[in-house]
file target-v9.cif (mmCIF, C-alpha atoms; chains and numbers go by the auth columns)
data_my_file
loop_
_atom_site.group_PDB
_atom_site.id
_atom_site.type_symbol
_atom_site.label_atom_id
_atom_site.label_comp_id
_atom_site.label_asym_id
_atom_site.label_seq_id
_atom_site.Cartn_x
_atom_site.Cartn_y
_atom_site.Cartn_z
_atom_site.B_iso_or_equiv
_atom_site.auth_seq_id
_atom_site.auth_asym_id
ATOM 1 C CA MET A 1 38.257 -0.407 -100.567 0.00 1 A
ATOM 2 C CA PHE A 2 40.973 -2.492 -99.015 0.00 2 A
ATOM 3 C CA ASP A 3 42.424 -5.619 -100.635 0.00 3 A
ATOM 4 C CA ASP A 4 40.128 -7.812 -98.530 0.00 4 A
ATOM 5 C CA GLY A 5 37.012 -6.012 -99.812 0.00 5 A
ATOM 6 C CA LYS A 6 36.440 -4.014 -96.639 0.00 6 A
ATOM 7 C CA SER A 7 35.957 -0.264 -96.584 0.00 7 A
ATOM 8 C CA LEU A 8 37.073 2.236 -93.970 0.00 8 A
ATOM 9 C CA SER A 9 33.622 2.170 -92.362 0.00 9 A
ATOM 10 C CA ASP A 10 34.161 -1.517 -91.485 0.00 10 A
ATOM 11 C CA PHE A 11 36.927 -0.448 -89.098 0.00 11 A
ATOM 12 C CA LEU A 12 35.216 2.523 -87.444 0.00 12 A
ATOM 13 C CA PRO A 13 33.398 2.042 -84.139 0.00 13 A
ATOM 14 C CA LYS A 14 29.630 2.072 -84.401 0.00 14 A
ATOM 15 C CA ALA A 15 27.833 4.137 -81.812 0.00 15 A
ATOM 16 C CA GLU A 16 25.189 2.084 -80.076 0.00 16 A
ATOM 17 C CA GLU A 17 21.622 3.206 -79.422 0.00 17 A
ATOM 18 C CA GLY A 18 21.512 4.741 -75.953 0.00 18 A
ATOM 19 C CA PHE A 19 25.193 5.778 -75.839 0.00 19 A
ATOM 20 C CA LYS A 20 25.459 8.489 -73.145 0.00 20 A
ATOM 21 C CA ALA A 21 27.774 11.431 -72.699 0.00 21 A
ATOM 22 C CA THR A 22 27.665 13.549 -69.545 0.00 22 A
ATOM 23 C CA ALA A 23 29.141 16.842 -68.403 0.00 23 A
ATOM 24 C CA GLY A 24 28.545 19.598 -65.890 0.00 24 A
ATOM 25 C CA LYS A 25 27.828 19.647 -62.189 0.00 25 A
ATOM 26 C CA PRO A 26 24.784 20.355 -60.024 0.00 26 A
ATOM 27 C CA LEU A 27 23.820 23.993 -59.672 0.00 27 A
ATOM 28 C CA THR A 28 23.762 25.747 -56.336 0.00 28 A
ATOM 29 C CA GLU A 29 20.203 26.203 -55.098 0.00 29 A
ATOM 30 C CA GLY A 30 18.809 29.559 -56.180 0.00 30 A
ATOM 31 C CA THR A 31 20.951 29.838 -59.327 0.00 31 A
ATOM 32 C CA ALA A 32 19.079 31.437 -62.223 0.00 32 A
ATOM 33 C CA LEU A 33 18.424 28.876 -64.942 0.00 33 A
ATOM 34 C CA ALA A 34 19.533 29.279 -68.539 0.00 34 A
ATOM 35 C CA GLY A 35 16.958 30.049 -71.190 0.00 35 A
ATOM 36 C CA LYS A 36 16.065 27.844 -74.133 0.00 36 A
ATOM 37 C CA SER A 37 17.819 30.180 -76.580 0.00 37 A
ATOM 38 C CA ASP A 38 21.065 29.903 -74.571 0.00 38 A
ATOM 39 C CA ILE A 39 20.970 26.133 -74.913 0.00 39 A
ATOM 40 C CA ILE A 40 20.234 26.356 -78.637 0.00 40 A
ATOM 41 C CA ASP A 41 23.190 28.743 -79.001 0.00 41 A
ATOM 42 C CA ALA A 42 25.356 26.075 -77.335 0.00 42 A
ATOM 43 C CA PHE A 43 24.121 23.449 -79.811 0.00 43 A
ATOM 44 C CA GLN A 44 24.905 25.815 -82.664 0.00 44 A
ATOM 45 C CA SER A 45 28.492 26.167 -81.435 0.00 45 A
ATOM 46 C CA VAL A 46 29.160 22.481 -82.168 0.00 46 A
ATOM 47 C CA HIS A 47 29.996 21.408 -85.717 0.00 47 A
ATOM 48 C CA ASP A 48 30.406 18.054 -87.370 0.00 48 A
ATOM 49 C CA PRO A 49 34.018 18.280 -88.616 0.00 49 A
ATOM 50 C CA GLU A 50 33.069 16.859 -92.014 0.00 50 A
ATOM 51 C CA ILE A 51 30.112 19.176 -92.647 0.00 51 A
ATOM 52 C CA PRO A 52 30.433 22.989 -92.408 0.00 52 A
ATOM 53 C CA VAL A 53 27.082 23.370 -90.616 0.00 53 A
ATOM 54 C CA ASN A 54 26.315 23.262 -86.886 0.00 54 A
ATOM 55 C CA ILE A 55 24.632 20.179 -85.452 0.00 55 A
ATOM 56 C CA TYR A 56 21.433 22.034 -84.525 0.00 56 A
ATOM 57 C CA ASP A 57 20.779 23.247 -88.065 0.00 57 A
ATOM 58 C CA LEU A 58 21.756 19.825 -89.412 0.00 58 A
ATOM 59 C CA GLY A 59 18.824 18.445 -87.433 0.00 59 A
ATOM 60 C CA LEU A 60 20.949 16.179 -85.244 0.00 60 A
ATOM 61 C CA ILE A 61 19.318 17.428 -82.024 0.00 61 A
ATOM 62 C CA TYR A 62 16.003 15.617 -81.677 0.00 62 A
ATOM 63 C CA GLY A 63 15.019 17.197 -78.397 0.00 63 A
ATOM 64 C CA HIS A 64 16.137 18.675 -75.106 0.00 64 A
ATOM 65 C CA GLU A 65 14.563 19.554 -71.797 0.00 65 A
ATOM 66 C CA MET A 66 15.719 21.235 -68.625 0.00 66 A
ATOM 67 C CA ASN A 67 14.387 20.241 -65.213 0.00 67 A
ATOM 68 C CA GLU A 68 13.809 22.541 -62.213 0.00 68 A
ATOM 69 C CA LYS A 69 17.391 21.958 -61.022 0.00 69 A
ATOM 70 C CA GLY A 70 18.895 23.148 -64.312 0.00 70 A
ATOM 71 C CA ASP A 71 19.882 19.680 -65.474 0.00 71 A
ATOM 72 C CA VAL A 72 19.496 19.164 -69.210 0.00 72 A
ATOM 73 C CA ASN A 73 18.684 15.953 -71.080 0.00 73 A
ATOM 74 C CA VAL A 74 19.400 15.905 -74.803 0.00 74 A
ATOM 75 C CA SER A 75 18.394 13.383 -77.428 0.00 75 A
ATOM 76 C CA MET A 76 20.519 13.466 -80.555 0.00 76 A
ATOM 77 C CA THR A 77 21.571 11.435 -83.536 0.00 77 A
ATOM 78 C CA LEU A 78 24.408 11.444 -86.035 0.00 78 A
ATOM 79 C CA THR A 79 24.356 11.395 -89.810 0.00 79 A
ATOM 80 C CA ALA A 80 25.406 7.707 -89.777 0.00 80 A
ATOM 81 C CA PRO A 81 26.066 4.991 -87.154 0.00 81 A
ATOM 82 C CA ASN A 82 29.681 4.637 -88.249 0.00 82 A
ATOM 83 C CA CYS A 83 30.361 8.367 -88.183 0.00 83 A
ATOM 84 C CA PRO A 84 34.066 8.888 -87.361 0.00 84 A
ATOM 85 C CA VAL A 85 33.168 11.250 -84.505 0.00 85 A
ATOM 86 C CA ALA A 86 30.419 9.034 -83.054 0.00 86 A
ATOM 87 C CA GLY A 87 32.161 8.776 -79.690 0.00 87 A
ATOM 88 C CA GLU A 88 33.270 12.404 -79.598 0.00 88 A
ATOM 89 C CA LEU A 89 30.375 14.510 -80.870 0.00 89 A
ATOM 90 C CA PRO A 90 27.899 13.662 -78.071 0.00 90 A
ATOM 91 C CA MET A 91 30.585 14.602 -75.522 0.00 91 A
ATOM 92 C CA GLN A 92 31.222 17.894 -77.330 0.00 92 A
ATOM 93 C CA VAL A 93 27.497 18.613 -77.146 0.00 93 A
ATOM 94 C CA ALA A 94 27.357 17.773 -73.422 0.00 94 A
ATOM 95 C CA GLU A 95 30.351 20.025 -72.697 0.00 95 A
ATOM 96 C CA ALA A 96 29.012 22.920 -74.790 0.00 96 A
ATOM 97 C CA VAL A 97 25.638 22.860 -73.024 0.00 97 A
ATOM 98 C CA ALA A 98 27.232 22.401 -69.580 0.00 98 A
ATOM 99 C CA ALA A 99 29.338 25.526 -70.214 0.00 99 A
ATOM 100 C CA VAL A 100 26.194 27.677 -70.429 0.00 100 A
ATOM 101 C CA GLU A 101 25.610 29.758 -67.315 0.00 101 A
ATOM 102 C CA GLY A 102 22.555 28.427 -65.505 0.00 102 A
ATOM 103 C CA VAL A 103 22.933 24.818 -66.675 0.00 103 A
ATOM 104 C CA GLY A 104 23.722 21.993 -64.259 0.00 104 A
ATOM 105 C CA GLU A 105 24.388 18.400 -65.216 0.00 105 A
ATOM 106 C CA VAL A 106 23.939 17.470 -68.878 0.00 106 A
ATOM 107 C CA THR A 107 23.182 14.044 -70.291 0.00 107 A
ATOM 108 C CA VAL A 108 23.261 13.485 -74.047 0.00 108 A
ATOM 109 C CA ILE A 109 21.722 10.242 -75.286 0.00 109 A
ATOM 110 C CA LEU A 110 22.359 8.993 -78.791 0.00 110 A
ATOM 111 C CA THR A 111 19.448 7.550 -80.750 0.00 111 A
ATOM 112 C CA TRP A 112 19.000 6.160 -84.238 0.00 112 A
ATOM 113 C CA SER A 113 15.226 6.445 -84.284 0.00 113 A
ATOM 114 C CA PRO A 114 14.126 8.003 -86.443 0.00 114 A
ATOM 115 C CA PRO A 115 17.134 7.739 -88.766 0.00 115 A
ATOM 116 C CA TRP A 116 18.543 11.126 -89.746 0.00 116 A
ATOM 117 C CA ASN A 117 17.941 12.362 -93.282 0.00 117 A
ATOM 118 C CA GLN A 118 18.543 15.594 -95.167 0.00 118 A
ATOM 119 C CA ASN A 119 14.943 16.729 -94.712 0.00 119 A
ATOM 120 C CA MET A 120 15.720 17.281 -91.014 0.00 120 A
ATOM 121 C CA MET A 121 18.087 20.152 -91.833 0.00 121 A
ATOM 122 C CA SER A 122 17.021 23.760 -91.491 0.00 122 A
ATOM 123 C CA GLU A 123 16.625 25.840 -94.647 0.00 123 A
ATOM 124 C CA ASP A 124 19.832 27.683 -93.681 0.00 124 A
ATOM 125 C CA ALA A 125 21.740 24.389 -93.544 0.00 125 A
ATOM 126 C CA GLN A 126 20.308 23.287 -96.865 0.00 126 A
ATOM 127 C CA LEU A 127 21.303 26.600 -98.432 0.00 127 A
ATOM 128 C CA ALA A 128 24.823 26.378 -96.972 0.00 128 A
ATOM 129 C CA LEU A 129 25.245 22.905 -98.428 0.00 129 A
ATOM 130 C CA GLY A 130 23.660 23.798 -101.785 0.00 130 A
ATOM 131 C CA LEU A 131 20.701 21.451 -101.290 0.00 131 A
ATOM 132 C CA PHE A 132 17.828 23.937 -101.158 0.00 132 A
ATOM 133 C CA MET A 133 15.915 24.234 -104.380 0.00 133 A
#
call {"tool": "encode", "arguments": {"input": "target-v9.cif", "output": "structure tokens"}}
result
Amino acid sequence: MFDDGKSLSDFLPKAEEGFKATAGKPLTEGTALAGKSDIIDAFQSVHDPEIPVNIYDLGLIYGHEMNEKGDVNVSMTLTAPNCPVAGELPMQVAEAVAAVEGVGEVTVILTWSPPWNQNMMSEDAQLALGLFM
């Protein structure tokens, strides 16, 4: 707490519903498209800097789909609206997915519905964080 009764979270930017991050470029016609497991591997390469677990196993990725052109749309959340990396993490996700061979343009959209909770984590994430009973 600061002298005026505010906490650090009062000064951090809040990520708005619908915030978008984009990366990548259109694929050349005829390019082989990436597989679902390749995209999941890209998600698993991104970590929240405050939690030693990747964002996929944390349950921050709510969904993703690839169209016939190789463009990928991702819906994700964060652990809290005032997360210190709220403006950075969606961009890291977009860049990681766009780096996968066979992926074109990537759009990551931030959502707060439903709100994230610990039950959304994989068993591996819960074990890593000592939460699995």
call {"tool": "closest_residue", "arguments": {"input": "target-v9.cif", "among": "A:Ala98, A:Cys83, A:Met76, A:Leu27", "to": "A:Gly63", "atoms": "all atoms listed in the file"}}
result
A:Met76
call {"tool": "residues_near_point", "arguments": {"input": "target-v9.cif", "point": "(28.9, 20.0, -61.9)", "cutoff": "7 Å", "atoms": "only C-alpha atoms", "output": "PyMOL selection string"}}
result
chain A and resi 24-27+104-105
call {"tool": "closest_residue", "arguments": {"input": "target-v9.cif", "among": "A:Thr111, A:Ser45, A:Glu65, A:Met120", "to": "A:Pro81", "atoms": "all atoms listed in the file"}}
result
A:Thr111
call {"tool": "closest_residue", "arguments": {"input": "target-v9.cif", "among": "A:Gln92, A:Asn67, A:Asn73, A:Thr22", "to": "A:Pro49", "atoms": "all atoms listed in the file"}}
result
A:Gln92
call {"tool": "residues_around", "arguments": {"input": "target-v9.cif", "residues": "A:Asp57", "least_positions_apart": "4", "cutoff": "8 Å", "atoms": "only C-alpha atoms", "output": "PyMOL selection string"}}
result
chain A and resi 44+53+121-122+124-125
call {"tool": "decode", "arguments": {"input": "target-v9.cif", "residues": "stretch 105-121 of chain A", "atoms": "N, CA, C and O atoms", "output": "PDB file, in the first residue's frame"}}
result
ATOM      1  N   GLU A 105      -1.664 -15.240 -40.829  1.00  0.00           N
ATOM      2  CA  GLU A 105      -1.914 -14.146 -39.900  1.00  0.00           C
ATOM      3  C   GLU A 105      -2.580 -14.670 -38.633  1.00  0.00           C
ATOM      4  O   GLU A 105      -3.424 -15.542 -38.687  1.00  0.00           O
ATOM      5  N   VAL A 106      -2.188 -14.098 -37.495  1.00  0.00           N
ATOM      6  CA  VAL A 106      -2.704 -14.533 -36.198  1.00  0.00           C
ATOM      7  C   VAL A 106      -3.341 -13.343 -35.499  1.00  0.00           C
ATOM      8  O   VAL A 106      -2.756 -12.268 -35.446  1.00  0.00           O
ATOM      9  N   THR A 107      -4.539 -13.566 -34.986  1.00  0.00           N
ATOM     10  CA  THR A 107      -5.214 -12.553 -34.175  1.00  0.00           C
ATOM     11  C   THR A 107      -5.528 -13.177 -32.825  1.00  0.00           C
ATOM     12  O   THR A 107      -6.155 -14.237 -32.752  1.00  0.00           O
ATOM     13  N   VAL A 108      -5.077 -12.526 -31.767  1.00  0.00           N
ATOM     14  CA  VAL A 108      -5.355 -12.967 -30.402  1.00  0.00           C
ATOM     15  C   VAL A 108      -6.302 -11.939 -29.786  1.00  0.00           C
ATOM     16  O   VAL A 108      -6.004 -10.745 -29.790  1.00  0.00           O
ATOM     17  N   ILE A 109      -7.424 -12.404 -29.297  1.00  0.00           N
ATOM     18  CA  ILE A 109      -8.414 -11.523 -28.678  1.00  0.00           C
ATOM     19  C   ILE A 109      -8.531 -11.873 -27.201  1.00  0.00           C
ATOM     20  O   ILE A 109      -8.718 -13.035 -26.833  1.00  0.00           O
ATOM     21  N   LEU A 110      -8.414 -10.854 -26.376  1.00  0.00           N
ATOM     22  CA  LEU A 110      -8.489 -11.019 -24.936  1.00  0.00           C
ATOM     23  C   LEU A 110      -9.940 -10.976 -24.475  1.00  0.00           C
ATOM     24  O   LEU A 110     -10.718 -10.139 -24.934  1.00  0.00           O
ATOM     25  N   THR A 111     -10.298 -11.906 -23.597  1.00  0.00           N
ATOM     26  CA  THR A 111     -11.651 -11.941 -23.053  1.00  0.00           C
ATOM     27  C   THR A 111     -11.582 -12.151 -21.547  1.00  0.00           C
ATOM     28  O   THR A 111     -10.613 -12.713 -21.037  1.00  0.00           O
ATOM     29  N   TRP A 112     -12.606 -11.711 -20.877  1.00  0.00           N
ATOM     30  CA  TRP A 112     -12.703 -11.918 -19.422  1.00  0.00           C
ATOM     31  C   TRP A 112     -13.890 -12.816 -19.080  1.00  0.00           C
ATOM     32  O   TRP A 112     -14.241 -12.969 -17.905  1.00  0.00           O
ATOM     33  N   SER A 113     -14.494 -13.405 -20.094  1.00  0.00           N
ATOM     34  CA  SER A 113     -15.663 -14.235 -19.863  1.00  0.00           C
ATOM     35  C   SER A 113     -15.447 -15.616 -20.455  1.00  0.00           C
ATOM     36  O   SER A 113     -15.250 -15.730 -21.668  1.00  0.00           O
ATOM     37  N   PRO A 114     -15.452 -16.641 -19.674  1.00  0.00           N
ATOM     38  CA  PRO A 114     -15.636 -16.606 -18.228  1.00  0.00           C
ATOM     39  C   PRO A 114     -14.344 -16.184 -17.532  1.00  0.00           C
ATOM     40  O   PRO A 114     -13.259 -16.336 -18.102  1.00  0.00           O
ATOM     41  N   PRO A 115     -14.447 -15.674 -16.313  1.00  0.00           N
ATOM     42  CA  PRO A 115     -13.231 -15.298 -15.579  1.00  0.00           C
ATOM     43  C   PRO A 115     -12.366 -16.533 -15.334  1.00  0.00           C
ATOM     44  O   PRO A 115     -12.880 -17.617 -15.051  1.00  0.00           O
ATOM     45  N   TRP A 116     -11.065 -16.364 -15.441  1.00  0.00           N
ATOM     46  CA  TRP A 116     -10.137 -17.465 -15.198  1.00  0.00           C
ATOM     47  C   TRP A 116     -10.182 -17.860 -13.730  1.00  0.00           C
ATOM     48  O   TRP A 116     -10.348 -17.020 -12.846  1.00  0.00           O
ATOM     49  N   ASN A 117     -10.020 -19.157 -13.475  1.00  0.00           N
ATOM     50  CA  ASN A 117      -9.840 -19.637 -12.101  1.00  0.00           C
ATOM     51  C   ASN A 117      -8.932 -20.856 -12.130  1.00  0.00           C
ATOM     52  O   ASN A 117      -8.656 -21.422 -13.184  1.00  0.00           O
ATOM     53  N   GLN A 118      -8.456 -21.259 -10.985  1.00  0.00           N
ATOM     54  CA  GLN A 118      -7.474 -22.343 -10.899  1.00  0.00           C
ATOM     55  C   GLN A 118      -7.986 -23.670 -11.429  1.00  0.00           C
ATOM     56  O   GLN A 118      -7.192 -24.524 -11.820  1.00  0.00           O
ATOM     57  N   ASN A 119      -9.273 -23.869 -11.469  1.00  0.00           N
ATOM     58  CA  ASN A 119      -9.827 -25.122 -11.990  1.00  0.00           C
ATOM     59  C   ASN A 119      -9.606 -25.279 -13.481  1.00  0.00           C
ATOM     60  O   ASN A 119      -9.790 -26.362 -14.026  1.00  0.00           O
ATOM     61  N   MET A 120      -9.219 -24.197 -14.162  1.00  0.00           N
ATOM     62  CA  MET A 120      -8.980 -24.244 -15.609  1.00  0.00           C
ATOM     63  C   MET A 120      -7.591 -24.787 -15.947  1.00  0.00           C
ATOM     64  O   MET A 120      -7.310 -25.076 -17.102  1.00  0.00           O
ATOM     65  N   MET A 121      -6.746 -24.936 -14.942  1.00  0.00           N
ATOM     66  CA  MET A 121      -5.387 -25.432 -15.165  1.00  0.00           C
ATOM     67  C   MET A 121      -5.387 -26.935 -15.405  1.00  0.00           C
ATOM     68  O   MET A 121      -6.234 -27.658 -14.869  1.00  0.00           O
TER      69      MET A 121
END
